[in-house]
Every structure is written in structure tokens, then in C-alpha cells.
>>> print(open('data_35.pdb').read())   # PDB, N, CA and C atoms
MODEL        1
ATOM      1  N   MET A   1     -31.266 -18.975   7.571
ATOM      2  CA  MET A   1     -30.705 -17.804   6.951
ATOM      3  C   MET A   1     -30.565 -18.048   5.453
ATOM      4  N   ILE A   2     -31.009 -17.099   4.636
ATOM      5  CA  ILE A   2     -30.917 -17.209   3.196
ATOM      6  C   ILE A   2     -29.518 -16.787   2.769
ATOM      7  N   SER A   3     -28.881 -17.619   1.970
ATOM      8  CA  SER A   3     -27.535 -17.331   1.501
ATOM      9  C   SER A   3     -27.603 -16.492   0.232
ATOM     10  N   MET A   4     -26.856 -15.413   0.202
ATOM     11  CA  MET A   4     -26.807 -14.554  -0.965
ATOM     12  C   MET A   4     -25.460 -14.710  -1.636
ATOM     13  N   LYS A   5     -25.459 -14.632  -2.952
ATOM     14  CA  LYS A   5     -24.210 -14.713  -3.693
ATOM     15  C   LYS A   5     -23.352 -13.488  -3.366
ATOM     16  N   ARG A   6     -22.061 -13.733  -3.152
ATOM     17  CA  ARG A   6     -21.153 -12.641  -2.802
ATOM     18  C   ARG A   6     -20.964 -11.714  -4.001
ATOM     19  N   PRO A   7     -21.121 -10.397  -3.794
ATOM     20  CA  PRO A   7     -20.898  -9.446  -4.885
ATOM     21  C   PRO A   7     -19.421  -9.439  -5.310
ATOM     22  N   LEU A   8     -19.195  -9.198  -6.587
ATOM     23  CA  LEU A   8     -17.836  -9.153  -7.123
ATOM     24  C   LEU A   8     -17.001  -8.091  -6.411
ATOM     25  N   SER A   9     -17.604  -6.965  -6.072
ATOM     26  CA  SER A   9     -16.862  -5.891  -5.403
ATOM     27  C   SER A   9     -16.288  -6.361  -4.070
ATOM     28  N   VAL A  10     -17.051  -7.163  -3.352
ATOM     29  CA  VAL A  10     -16.594  -7.696  -2.065
ATOM     30  C   VAL A  10     -15.453  -8.688  -2.292
ATOM     31  N   THR A  11     -15.594  -9.539  -3.283
ATOM     32  CA  THR A  11     -14.547 -10.514  -3.595
ATOM     33  C   THR A  11     -13.243  -9.814  -3.958
ATOM     34  N   LEU A  12     -13.333  -8.820  -4.819
ATOM     35  CA  LEU A  12     -12.126  -8.132  -5.288
ATOM     36  C   LEU A  12     -11.433  -7.355  -4.172
ATOM     37  N   ILE A  13     -12.189  -6.572  -3.411
ATOM     38  CA  ILE A  13     -11.558  -5.741  -2.383
ATOM     39  C   ILE A  13     -11.039  -6.595  -1.235
ATOM     40  N   SER A  14     -11.775  -7.654  -0.881
ATOM     41  CA  SER A  14     -11.311  -8.546   0.183
ATOM     42  C   SER A  14     -10.017  -9.244  -0.235
ATOM     43  N   SER A  15      -9.978  -9.689  -1.478
ATOM     44  CA  SER A  15      -8.769 -10.342  -2.003
ATOM     45  C   SER A  15      -7.592  -9.374  -2.012
ATOM     46  N   LEU A  16      -7.856  -8.123  -2.348
ATOM     47  CA  LEU A  16      -6.796  -7.109  -2.347
ATOM     48  C   LEU A  16      -6.211  -6.931  -0.941
ATOM     49  N   PHE A  17      -7.077  -6.901   0.067
ATOM     50  CA  PHE A  17      -6.602  -6.763   1.442
ATOM     51  C   PHE A  17      -5.819  -7.997   1.893
ATOM     52  N   ILE A  18      -6.286  -9.172   1.512
ATOM     53  CA  ILE A  18      -5.556 -10.399   1.861
ATOM     54  C   ILE A  18      -4.170 -10.376   1.230
ATOM     55  N   LEU A  19      -4.100 -10.020  -0.036
ATOM     56  CA  LEU A  19      -2.804  -9.950  -0.725
ATOM     57  C   LEU A  19      -1.901  -8.874  -0.126
ATOM     58  N   ALA A  20      -2.489  -7.736   0.233
ATOM     59  CA  ALA A  20      -1.704  -6.663   0.858
ATOM     60  C   ALA A  20      -1.128  -7.126   2.190
ATOM     61  N   GLY A  21      -1.946  -7.834   2.969
ATOM     62  CA  GLY A  21      -1.475  -8.336   4.259
ATOM     63  C   GLY A  21      -0.362  -9.353   4.103
ATOM     64  N   ILE A  22      -0.553 -10.304   3.191
ATOM     65  CA  ILE A  22       0.464 -11.338   2.973
ATOM     66  C   ILE A  22       1.754 -10.723   2.446
ATOM     67  N   SER A  23       1.635  -9.849   1.455
ATOM     68  CA  SER A  23       2.847  -9.251   0.887
ATOM     69  C   SER A  23       3.564  -8.375   1.920
ATOM     70  N   GLY A  24       2.808  -7.700   2.777
ATOM     71  CA  GLY A  24       3.422  -6.890   3.834
ATOM     72  C   GLY A  24       4.168  -7.738   4.844
ATOM     73  N   ILE A  25       3.596  -8.875   5.202
ATOM     74  CA  ILE A  25       4.270  -9.776   6.141
ATOM     75  C   ILE A  25       5.539 -10.331   5.515
ATOM     76  N   VAL A  26       5.455 -10.744   4.262
ATOM     77  CA  VAL A  26       6.638 -11.278   3.573
ATOM     78  C   VAL A  26       7.705 -10.193   3.444
ATOM     79  N   TYR A  27       7.296  -8.985   3.060
ATOM     80  CA  TYR A  27       8.235  -7.877   2.888
ATOM     81  C   TYR A  27       8.964  -7.537   4.188
ATOM     82  N   HIS A  28       8.240  -7.567   5.294
ATOM     83  CA  HIS A  28       8.825  -7.190   6.585
ATOM     84  C   HIS A  28       9.386  -8.381   7.371
ATOM     85  N   ALA A  29       9.368  -9.566   6.806
ATOM     86  CA  ALA A  29       9.813 -10.772   7.524
ATOM     87  C   ALA A  29      11.263 -10.676   7.978
ATOM     88  N   SER A  30      12.099 -10.055   7.192
ATOM     89  CA  SER A  30      13.516  -9.961   7.558
ATOM     90  C   SER A  30      13.736  -9.100   8.798
ATOM     91  N   GLU A  31      12.778  -8.256   9.132
ATOM     92  CA  GLU A  31      12.907  -7.369  10.294
ATOM     93  C   GLU A  31      12.740  -8.101  11.622
ATOM     94  N   TRP A  32      12.244  -9.333  11.606
ATOM     95  CA  TRP A  32      12.062 -10.084  12.841
ATOM     96  C   TRP A  32      13.386 -10.360  13.536
ATOM     97  N   ARG A  33      14.472 -10.380  12.781
ATOM     98  CA  ARG A  33      15.794 -10.609  13.378
ATOM     99  C   ARG A  33      16.188  -9.462  14.306
ATOM    100  N   ASP A  34      15.676  -8.269  14.015
ATOM    101  CA  ASP A  34      16.031  -7.078  14.792
ATOM    102  C   ASP A  34      14.951  -6.712  15.808
ATOM    103  N   LEU A  35      14.189  -7.699  16.231
ATOM    104  CA  LEU A  35      13.060  -7.454  17.126
ATOM    105  C   LEU A  35      13.485  -6.767  18.428
ATOM    106  N   ALA A  36      14.638  -7.120  18.954
ATOM    107  CA  ALA A  36      15.101  -6.515  20.209
ATOM    108  C   ALA A  36      15.346  -5.018  20.045
ATOM    109  N   GLU A  37      15.851  -4.617  18.876
ATOM    110  CA  GLU A  37      16.131  -3.201  18.630
ATOM    111  C   GLU A  37      14.920  -2.450  18.073
ATOM    112  N   GLN A  38      13.993  -3.193  17.448
ATOM    113  CA  GLN A  38      12.831  -2.566  16.817
ATOM    114  C   GLN A  38      11.546  -3.300  17.215
ATOM    115  N   PRO A  39      11.063  -3.072  18.432
ATOM    116  CA  PRO A  39       9.845  -3.782  18.864
ATOM    117  C   PRO A  39       8.601  -3.385  18.062
ATOM    118  N   GLU A  40       8.650  -2.262  17.325
ATOM    119  CA  GLU A  40       7.497  -1.852  16.513
ATOM    120  C   GLU A  40       7.228  -2.817  15.362
ATOM    121  N   VAL A  41       8.157  -3.744  15.121
ATOM    122  CA  VAL A  41       7.954  -4.770  14.104
ATOM    123  C   VAL A  41       6.718  -5.603  14.446
ATOM    124  N   ILE A  42       6.460  -5.801  15.720
ATOM    125  CA  ILE A  42       5.281  -6.565  16.148
ATOM    126  C   ILE A  42       4.009  -5.835  15.721
ATOM    127  N   LEU A  43       3.978  -4.521  15.893
ATOM    128  CA  LEU A  43       2.819  -3.737  15.475
ATOM    129  C   LEU A  43       2.624  -3.842  13.956
ATOM    130  N   THR A  44       3.710  -3.775  13.219
ATOM    131  CA  THR A  44       3.630  -3.907  11.761
ATOM    132  C   THR A  44       3.030  -5.253  11.382
ATOM    133  N   PHE A  45       3.461  -6.309  12.062
ATOM    134  CA  PHE A  45       2.931  -7.647  11.803
ATOM    135  C   PHE A  45       1.436  -7.706  12.117
ATOM    136  N   ILE A  46       1.035  -7.141  13.249
ATOM    137  CA  ILE A  46      -0.370  -7.165  13.663
ATOM    138  C   ILE A  46      -1.243  -6.412  12.651
ATOM    139  N   VAL A  47      -0.764  -5.260  12.190
ATOM    140  CA  VAL A  47      -1.521  -4.479  11.211
ATOM    141  C   VAL A  47      -1.706  -5.278   9.927
ATOM    142  N   ARG A  48      -0.643  -5.943   9.463
ATOM    143  CA  ARG A  48      -0.743  -6.769   8.244
ATOM    144  C   ARG A  48      -1.677  -7.958   8.472
ATOM    145  N   LEU A  49      -1.590  -8.553   9.640
ATOM    146  CA  LEU A  49      -2.455  -9.687   9.965
ATOM    147  C   LEU A  49      -3.929  -9.273   9.990
ATOM    148  N   LEU A  50      -4.201  -8.067  10.466
ATOM    149  CA  LEU A  50      -5.584  -7.564  10.487
ATOM    150  C   LEU A  50      -6.149  -7.426   9.077
ATOM    151  N   ALA A  51      -5.309  -7.063   8.114
ATOM    152  CA  ALA A  51      -5.771  -6.982   6.721
ATOM    153  C   ALA A  51      -6.189  -8.357   6.222
ATOM    154  N   ILE A  52      -5.409  -9.371   6.565
ATOM    155  CA  ILE A  52      -5.727 -10.743   6.149
ATOM    156  C   ILE A  52      -7.015 -11.213   6.827
ATOM    157  N   VAL A  53      -7.099 -11.026   8.127
ATOM    158  CA  VAL A  53      -8.284 -11.455   8.881
ATOM    159  C   VAL A  53      -9.534 -10.744   8.354
ATOM    160  N   GLY A  54      -9.433  -9.438   8.169
ATOM    161  CA  GLY A  54     -10.572  -8.686   7.648
ATOM    162  C   GLY A  54     -10.992  -9.162   6.271
ATOM    163  N   GLY A  55     -10.019  -9.409   5.403
ATOM    164  CA  GLY A  55     -10.324  -9.885   4.058
ATOM    165  C   GLY A  55     -10.997 -11.245   4.058
ATOM    166  N   VAL A  56     -10.469 -12.159   4.858
ATOM    167  CA  VAL A  56     -11.040 -13.513   4.918
ATOM    168  C   VAL A  56     -12.473 -13.474   5.447
ATOM    169  N   PHE A  57     -12.685 -12.739   6.514
ATOM    170  CA  PHE A  57     -14.019 -12.718   7.105
ATOM    171  C   PHE A  57     -15.006 -11.870   6.308
ATOM    172  N   ALA A  58     -14.508 -10.900   5.550
ATOM    173  CA  ALA A  58     -15.399 -10.166   4.642
ATOM    174  C   ALA A  58     -15.869 -11.099   3.527
ATOM    175  N   LEU A  59     -14.980 -11.945   3.046
ATOM    176  CA  LEU A  59     -15.379 -12.938   2.044
ATOM    177  C   LEU A  59     -16.476 -13.852   2.584
ATOM    178  N   ARG A  60     -16.435 -14.108   3.877
ATOM    179  CA  ARG A  60     -17.434 -14.984   4.514
ATOM    180  C   ARG A  60     -18.729 -14.249   4.862
ATOM    181  N   GLY A  61     -18.746 -12.929   4.657
ATOM    182  CA  GLY A  61     -19.962 -12.163   4.892
ATOM    183  C   GLY A  61     -20.131 -11.607   6.286
ATOM    184  N   ASN A  62     -19.066 -11.578   7.073
ATOM    185  CA  ASN A  62     -19.151 -11.023   8.423
ATOM    186  C   ASN A  62     -19.137  -9.491   8.362
ATOM    187  N   ASN A  63     -20.197  -8.878   8.872
ATOM    188  CA  ASN A  63     -20.342  -7.430   8.803
ATOM    189  C   ASN A  63     -19.194  -6.688   9.493
ATOM    190  N   TRP A  64     -18.738  -7.176  10.626
ATOM    191  CA  TRP A  64     -17.666  -6.496  11.358
ATOM    192  C   TRP A  64     -16.388  -6.424  10.517
ATOM    193  N   ALA A  65     -16.204  -7.374   9.603
ATOM    194  CA  ALA A  65     -14.981  -7.416   8.812
ATOM    195  C   ALA A  65     -14.904  -6.251   7.833
ATOM    196  N   ARG A  66     -16.033  -5.830   7.289
ATOM    197  CA  ARG A  66     -15.965  -4.684   6.379
ATOM    198  C   ARG A  66     -15.630  -3.414   7.137
ATOM    199  N   TRP A  67     -16.061  -3.339   8.396
ATOM    200  CA  TRP A  67     -15.686  -2.187   9.215
ATOM    201  C   TRP A  67     -14.201  -2.248   9.578
ATOM    202  N   LEU A  68     -13.696  -3.437   9.832
ATOM    203  CA  LEU A  68     -12.269  -3.599  10.108
ATOM    204  C   LEU A  68     -11.445  -3.151   8.905
ATOM    205  N   LEU A  69     -11.834  -3.559   7.711
ATOM    206  CA  LEU A  69     -11.091  -3.173   6.509
ATOM    207  C   LEU A  69     -11.155  -1.665   6.275
ATOM    208  N   THR A  70     -12.299  -1.078   6.564
ATOM    209  CA  THR A  70     -12.432   0.376   6.424
ATOM    210  C   THR A  70     -11.537   1.098   7.430
ATOM    211  N   ALA A  71     -11.507   0.604   8.652
ATOM    212  CA  ALA A  71     -10.629   1.198   9.674
ATOM    213  C   ALA A  71      -9.166   0.999   9.294
ATOM    214  N   TRP A  72      -8.844  -0.163   8.734
ATOM    215  CA  TRP A  72      -7.461  -0.465   8.337
ATOM    216  C   TRP A  72      -6.968   0.537   7.299
ATOM    217  N   ILE A  73      -7.776   0.786   6.278
ATOM    218  CA  ILE A  73      -7.339   1.717   5.243
ATOM    219  C   ILE A  73      -7.375   3.156   5.759
ATOM    220  N   ALA A  74      -8.301   3.477   6.656
ATOM    221  CA  ALA A  74      -8.328   4.819   7.251
ATOM    222  C   ALA A  74      -7.058   5.068   8.060
ATOM    223  N   TYR A  75      -6.601   4.049   8.779
ATOM    224  CA  TYR A  75      -5.346   4.133   9.524
ATOM    225  C   TYR A  75      -4.192   4.463   8.579
ATOM    226  N   HIS A  76      -4.189   3.845   7.418
ATOM    227  CA  HIS A  76      -3.118   4.102   6.448
ATOM    228  C   HIS A  76      -3.225   5.498   5.826
ATOM    229  N   VAL A  77      -4.445   5.996   5.691
ATOM    230  CA  VAL A  77      -4.606   7.370   5.215
ATOM    231  C   VAL A  77      -3.995   8.330   6.228
ATOM    232  N   VAL A  78      -4.277   8.107   7.505
ATOM    233  CA  VAL A  78      -3.715   8.963   8.562
ATOM    234  C   VAL A  78      -2.191   8.872   8.569
ATOM    235  N   LEU A  79      -1.653   7.655   8.458
ATOM    236  CA  LEU A  79      -0.196   7.503   8.398
ATOM    237  C   LEU A  79       0.407   8.238   7.206
ATOM    238  N   SER A  80      -0.336   8.292   6.121
ATOM    239  CA  SER A  80       0.164   8.921   4.895
ATOM    240  C   SER A  80       0.308  10.433   5.023
ATOM    241  N   PHE A  81      -0.317  11.026   6.022
ATOM    242  CA  PHE A  81      -0.139  12.461   6.237
ATOM    243  C   PHE A  81       1.321  12.791   6.526
ATOM    244  N   TYR A  82       2.085  11.819   6.986
ATOM    245  CA  TYR A  82       3.495  12.024   7.323
ATOM    246  C   TYR A  82       4.429  11.576   6.209
ATOM    247  N   HIS A  83       3.869  11.238   5.041
ATOM    248  CA  HIS A  83       4.670  10.781   3.910
ATOM    249  C   HIS A  83       4.409  11.673   2.701
ATOM    250  N   ALA A  84       4.811  11.216   1.556
ATOM    251  CA  ALA A  84       4.647  11.983   0.325
ATOM    252  C   ALA A  84       3.165  12.202   0.003
ATOM    253  N   THR A  85       2.881  13.311  -0.641
ATOM    254  CA  THR A  85       1.514  13.634  -1.038
ATOM    255  C   THR A  85       0.941  12.560  -1.953
ATOM    256  N   SER A  86       1.769  11.989  -2.805
ATOM    257  CA  SER A  86       1.294  10.940  -3.712
ATOM    258  C   SER A  86       0.825   9.711  -2.939
ATOM    259  N   GLU A  87       1.508   9.399  -1.839
ATOM    260  CA  GLU A  87       1.104   8.267  -1.007
ATOM    261  C   GLU A  87      -0.232   8.555  -0.329
ATOM    262  N   LEU A  88      -0.395   9.765   0.146
ATOM    263  CA  LEU A  88      -1.673  10.166   0.750
ATOM    264  C   LEU A  88      -2.796  10.058  -0.273
ATOM    265  N   ALA A  89      -2.556  10.547  -1.473
ATOM    266  CA  ALA A  89      -3.575  10.494  -2.522
ATOM    267  C   ALA A  89      -3.933   9.043  -2.863
ATOM    268  N   MET A  90      -2.922   8.193  -2.963
ATOM    269  CA  MET A  90      -3.167   6.789  -3.286
ATOM    270  C   MET A  90      -4.012   6.117  -2.204
ATOM    271  N   HIS A  91      -3.654   6.336  -0.948
ATOM    272  CA  HIS A  91      -4.409   5.726   0.139
ATOM    273  C   HIS A  91      -5.827   6.302   0.223
ATOM    274  N   ALA A  92      -5.984   7.579  -0.061
ATOM    275  CA  ALA A  92      -7.323   8.192  -0.051
ATOM    276  C   ALA A  92      -8.198   7.578  -1.150
ATOM    277  N   VAL A  93      -7.622   7.371  -2.321
ATOM    278  CA  VAL A  93      -8.367   6.735  -3.411
ATOM    279  C   VAL A  93      -8.721   5.301  -3.034
ATOM    280  N   LEU A  94      -7.771   4.567  -2.457
ATOM    281  CA  LEU A  94      -8.047   3.194  -2.028
ATOM    282  C   LEU A  94      -9.135   3.156  -0.960
ATOM    283  N   MET A  95      -9.155   4.147  -0.100
ATOM    284  CA  MET A  95     -10.206   4.191   0.919
ATOM    285  C   MET A  95     -11.566   4.427   0.265
ATOM    286  N   ALA A  96     -11.616   5.334  -0.693
ATOM    287  CA  ALA A  96     -12.879   5.590  -1.399
ATOM    288  C   ALA A  96     -13.357   4.335  -2.124
ATOM    289  N   VAL A  97     -12.444   3.649  -2.792
ATOM    290  CA  VAL A  97     -12.796   2.412  -3.501
ATOM    291  C   VAL A  97     -13.284   1.351  -2.513
ATOM    292  N   THR A  98     -12.608   1.257  -1.363
ATOM    293  CA  THR A  98     -12.997   0.295  -0.329
ATOM    294  C   THR A  98     -14.408   0.578   0.170
ATOM    295  N   ILE A  99     -14.697   1.829   0.432
ATOM    296  CA  ILE A  99     -16.023   2.203   0.926
ATOM    297  C   ILE A  99     -17.096   1.889  -0.116
ATOM    298  N   VAL A 100     -16.836   2.239  -1.364
ATOM    299  CA  VAL A 100     -17.813   1.955  -2.417
ATOM    300  C   VAL A 100     -18.002   0.445  -2.563
ATOM    301  N   ALA A 101     -16.899  -0.311  -2.533
ATOM    302  CA  ALA A 101     -16.972  -1.766  -2.732
ATOM    303  C   ALA A 101     -17.694  -2.474  -1.592
ATOM    304  N   LEU A 102     -17.487  -2.011  -0.367
ATOM    305  CA  LEU A 102     -18.028  -2.726   0.790
ATOM    306  C   LEU A 102     -19.350  -2.177   1.311
ATOM    307  N   PHE A 103     -19.745  -0.981   0.852
ATOM    308  CA  PHE A 103     -20.960  -0.370   1.390
ATOM    309  C   PHE A 103     -21.990  -0.021   0.318
ATOM    310  N   ASN A 104     -21.828  -0.579  -0.887
ATOM    311  CA  ASN A 104     -22.863  -0.366  -1.892
ATOM    312  C   ASN A 104     -24.084  -1.223  -1.537
ATOM    313  N   ARG A 105     -25.157  -1.064  -2.285
ATOM    314  CA  ARG A 105     -26.409  -1.731  -1.954
ATOM    315  C   ARG A 105     -26.270  -3.256  -1.949
ATOM    316  N   LYS A 106     -25.644  -3.816  -2.974
ATOM    317  CA  LYS A 106     -25.491  -5.273  -3.038
ATOM    318  C   LYS A 106     -24.618  -5.787  -1.891
ATOM    319  N   ALA A 107     -23.554  -5.064  -1.591
ATOM    320  CA  ALA A 107     -22.689  -5.479  -0.483
ATOM    321  C   ALA A 107     -23.445  -5.379   0.838
ATOM    322  N   GLY A 108     -24.244  -4.344   0.980
ATOM    323  CA  GLY A 108     -25.049  -4.198   2.197
ATOM    324  C   GLY A 108     -25.982  -5.377   2.406
ATOM    325  N   LEU A 109     -26.583  -5.846   1.318
ATOM    326  CA  LEU A 109     -27.458  -7.013   1.419
ATOM    327  C   LEU A 109     -26.671  -8.275   1.730
ATOM    328  N   TYR A 110     -25.451  -8.348   1.219
ATOM    329  CA  TYR A 110     -24.608  -9.515   1.478
ATOM    330  C   TYR A 110     -24.180  -9.574   2.951
ATOM    331  N   PHE A 111     -23.793  -8.422   3.491
ATOM    332  CA  PHE A 111     -23.331  -8.379   4.884
ATOM    333  C   PHE A 111     -24.470  -8.371   5.895
ATOM    334  N   ASN A 112     -25.620  -7.880   5.500
ATOM    335  CA  ASN A 112     -26.784  -7.829   6.393
ATOM    336  C   ASN A 112     -27.997  -8.426   5.694
ATOM    337  N   PRO A 113     -28.027  -9.758   5.561
ATOM    338  CA  PRO A 113     -29.144 -10.374   4.817
ATOM    339  C   PRO A 113     -30.480 -10.200   5.534
TER     340      PRO A 113
ENDMDL
END
>>> encode(input="data_35.pdb", output="C-alpha cells")
Amino acid sequence: MISMKRPLSVTLISSLFILAGISGIVYHASEWRDLAEQPEVILTFIVRLLAIVGGVFALRGNNWARWLLTAWIAYHVVLSFYHATSELAMHAVLMAVTIVALFNRKAGLYFNP
């Protein structure tokens, strides 16, 4: 298999997802004490962990990881329908940036050599 240099767009967006996942886990860490009263904390942890996993494996060039990251941000766009319009707009812009970063021609060659 011929190794291709990772495009900057993939590096940047993958790093953003890794940082988002880590910061989300750290931010919600105090909620683990209330796990008995709030079992949805586990789902929050899993969602944040998926951002980290997707980011790490996208950096490694795994095609499924870019789809995971796209699904992750799409999930947040859907969640934003129940929040402020500004949050929806922000997540929609992040989704567009994610799609452009992970599905441009150079990224396509990186993920599917």
C-alpha cells in the first residue's frame, strides 16, 4: 500500500474532534457522582468517546472514521434543534466544515488510496 501524506484539513478537523471529546469528558466528569440519578451520563460519555475515537482513527486514515465524525456532528445538529438558534447555526457550520475537510479530493485520496 502506498502511503500518502495526510492533508492538513484532515489533521485539523480530526484534532478538533479529539479536543472536543476530551474537553467534553473533562467538563462532564463531575456528573459521574450522580450516575444513579442520571444514567444518561453514560450516553454523554460514550458520545464524547466516539469523537476521540473518530478523530484518532481519521488521523490514521481509516475511512470509517470520517463517516463516524460526520455522523457525530450530524447528531449534534439534530440535538441543536431543541436549543438556541445560534447553537443550531454553529453546529450546522461545523458540519459543513467537517464535510469539506473530510470529503475533499485530497482527503478522499488519503482515506481511499
>>> axis_aligned_box(input="data_35.pdb", around="stretch 80-90 of chain A", padding_each_side="4 Å", output="AutoDock Vina command-line options")
--center_x 0.4 --center_y 9.9 --center_z 1.8 --size_x 16.8 --size_y 15.5 --size_z 19.0
>>> residues_around(input="data_35.pdb", residues="stretch 44-55 of chain A", least_positions_apart="5", cutoff="8 Å", atoms="only C-alpha atoms", output="list in words")
Ile13, Ser14, Ser15, Leu16, Phe17, Ile18, Leu19, Ala20, Gly21, Ile22, Gly24, Ile25, His28, Ala65, Arg66, Leu68, Leu69 and Trp72 of chain A
>>> atom_distance(input="data_35.pdb", atom1="atom CA of A:Lys106", atom2="atom CA of A:Leu59")
13.7 Å
>>> atom_distance(input="data_35.pdb", atom1="atom CA of A:Val100", atom2="atom CA of A:Val56")
18.4 Å
>>> atom_distance(input="data_35.pdb", atom1="atom CA of A:Phe111", atom2="atom N of A:Asn62")
5.8 Å
>>> resolve_selection(input="data_35.pdb", expression="the PyMOL selection byres ((chain A and resi 77) around 8)", output="NGL selection string")
:A and (71-76 or 78-82 or 87-92 or 95)
>>> resolve_selection(input="data_35.pdb", expression="the PyMOL selection byres (((chain A and resi 107 and name CA) around 12) and name CA)", output="short mmCIF file (atom, residue, chain, number, x, y, z; two decimals) with N, CA and C atoms, keeping the file's coordinate frame")
data_model
loop_
_atom_site.label_atom_id
_atom_site.label_comp_id
_atom_site.auth_asym_id
_atom_site.auth_seq_id
_atom_site.Cartn_x
_atom_site.Cartn_y
_atom_site.Cartn_z
N MET A 4 -26.86 -15.41 0.20
CA MET A 4 -26.81 -14.55 -0.96
C MET A 4 -25.46 -14.71 -1.64
N LYS A 5 -25.46 -14.63 -2.95
CA LYS A 5 -24.21 -14.71 -3.69
C LYS A 5 -23.35 -13.49 -3.37
N ARG A 6 -22.06 -13.73 -3.15
CA ARG A 6 -21.15 -12.64 -2.80
C ARG A 6 -20.96 -11.71 -4.00
N PRO A 7 -21.12 -10.40 -3.79
CA PRO A 7 -20.90 -9.45 -4.88
C PRO A 7 -19.42 -9.44 -5.31
N LEU A 8 -19.20 -9.20 -6.59
CA LEU A 8 -17.84 -9.15 -7.12
C LEU A 8 -17.00 -8.09 -6.41
N SER A 9 -17.60 -6.96 -6.07
CA SER A 9 -16.86 -5.89 -5.40
C SER A 9 -16.29 -6.36 -4.07
N VAL A 10 -17.05 -7.16 -3.35
CA VAL A 10 -16.59 -7.70 -2.06
C VAL A 10 -15.45 -8.69 -2.29
N THR A 11 -15.59 -9.54 -3.28
CA THR A 11 -14.55 -10.51 -3.60
C THR A 11 -13.24 -9.81 -3.96
N LEU A 12 -13.33 -8.82 -4.82
CA LEU A 12 -12.13 -8.13 -5.29
C LEU A 12 -11.43 -7.36 -4.17
N ILE A 13 -12.19 -6.57 -3.41
CA ILE A 13 -11.56 -5.74 -2.38
C ILE A 13 -11.04 -6.60 -1.24
N SER A 14 -11.78 -7.65 -0.88
CA SER A 14 -11.31 -8.55 0.18
C SER A 14 -10.02 -9.24 -0.24
N ALA A 58 -14.51 -10.90 5.55
CA ALA A 58 -15.40 -10.17 4.64
C ALA A 58 -15.87 -11.10 3.53
N LEU A 59 -14.98 -11.94 3.05
CA LEU A 59 -15.38 -12.94 2.04
C LEU A 59 -16.48 -13.85 2.58
N ARG A 60 -16.43 -14.11 3.88
CA ARG A 60 -17.43 -14.98 4.51
C ARG A 60 -18.73 -14.25 4.86
N GLY A 61 -18.75 -12.93 4.66
CA GLY A 61 -19.96 -12.16 4.89
C GLY A 61 -20.13 -11.61 6.29
N ASN A 62 -19.07 -11.58 7.07
CA ASN A 62 -19.15 -11.02 8.42
C ASN A 62 -19.14 -9.49 8.36
N ASN A 63 -20.20 -8.88 8.87
CA ASN A 63 -20.34 -7.43 8.80
C ASN A 63 -19.19 -6.69 9.49
N ARG A 66 -16.03 -5.83 7.29
CA ARG A 66 -15.96 -4.68 6.38
C ARG A 66 -15.63 -3.41 7.14
N THR A 98 -12.61 1.26 -1.36
CA THR A 98 -13.00 0.30 -0.33
C THR A 98 -14.41 0.58 0.17
N ILE A 99 -14.70 1.83 0.43
CA ILE A 99 -16.02 2.20 0.93
C ILE A 99 -17.10 1.89 -0.12
N VAL A 100 -16.84 2.24 -1.36
CA VAL A 100 -17.81 1.96 -2.42
C VAL A 100 -18.00 0.44 -2.56
N ALA A 101 -16.90 -0.31 -2.53
CA ALA A 101 -16.97 -1.77 -2.73
C ALA A 101 -17.69 -2.47 -1.59
N LEU A 102 -17.49 -2.01 -0.37
CA LEU A 102 -18.03 -2.73 0.79
C LEU A 102 -19.35 -2.18 1.31
N PHE A 103 -19.74 -0.98 0.85
CA PHE A 103 -20.96 -0.37 1.39
C PHE A 103 -21.99 -0.02 0.32
N ASN A 104 -21.83 -0.58 -0.89
CA ASN A 104 -22.86 -0.37 -1.89
C ASN A 104 -24.08 -1.22 -1.54
N ARG A 105 -25.16 -1.06 -2.28
CA ARG A 105 -26.41 -1.73 -1.95
C ARG A 105 -26.27 -3.26 -1.95
N LYS A 106 -25.64 -3.82 -2.97
CA LYS A 106 -25.49 -5.27 -3.04
C LYS A 106 -24.62 -5.79 -1.89
N GLY A 108 -24.24 -4.34 0.98
CA GLY A 108 -25.05 -4.20 2.20
C GLY A 108 -25.98 -5.38 2.41
N LEU A 109 -26.58 -5.85 1.32
CA LEU A 109 -27.46 -7.01 1.42
C LEU A 109 -26.67 -8.28 1.73
N TYR A 110 -25.45 -8.35 1.22
CA TYR A 110 -24.61 -9.52 1.48
C TYR A 110 -24.18 -9.57 2.95
N PHE A 111 -23.79 -8.42 3.49
CA PHE A 111 -23.33 -8.38 4.88
C PHE A 111 -24.47 -8.37 5.90
N ASN A 112 -25.62 -7.88 5.50
CA ASN A 112 -26.78 -7.83 6.39
C ASN A 112 -28.00 -8.43 5.69
N PRO A 113 -28.03 -9.76 5.56
CA PRO A 113 -29.14 -10.37 4.82
C PRO A 113 -30.48 -10.20 5.53
#
>>> decode(input="data_35.pdb", residues="stretch 98-113 of chain A", atoms="C-alpha atoms", output="short mmCIF file (atom, residue, chain, number, x, y, z; two decimals), in the first residue's frame")
data_model
loop_
_atom_site.label_atom_id
_atom_site.label_comp_id
_atom_site.auth_asym_id
_atom_site.auth_seq_id
_atom_site.Cartn_x
_atom_site.Cartn_y
_atom_site.Cartn_z
CA THR A 98 -16.30 18.81 8.64
CA ILE A 99 -17.73 17.59 5.35
CA VAL A 100 -15.46 19.86 3.31
CA ALA A 101 -12.40 18.89 5.39
CA LEU A 102 -13.00 15.14 5.28
CA PHE A 103 -14.51 14.69 1.81
CA ASN A 104 -12.46 16.98 -0.42
CA ARG A 105 -10.38 15.44 -3.19
CA LYS A 106 -7.12 15.23 -1.22
CA ALA A 107 -8.88 13.76 1.81
CA GLY A 108 -10.63 11.25 -0.44
CA LEU A 109 -7.27 10.08 -1.74
CA TYR A 110 -5.93 9.87 1.80
CA PHE A 111 -8.84 7.75 3.05
CA ASN A 112 -9.13 5.64 -0.10
CA PRO A 113 -5.63 5.29 -1.58
#
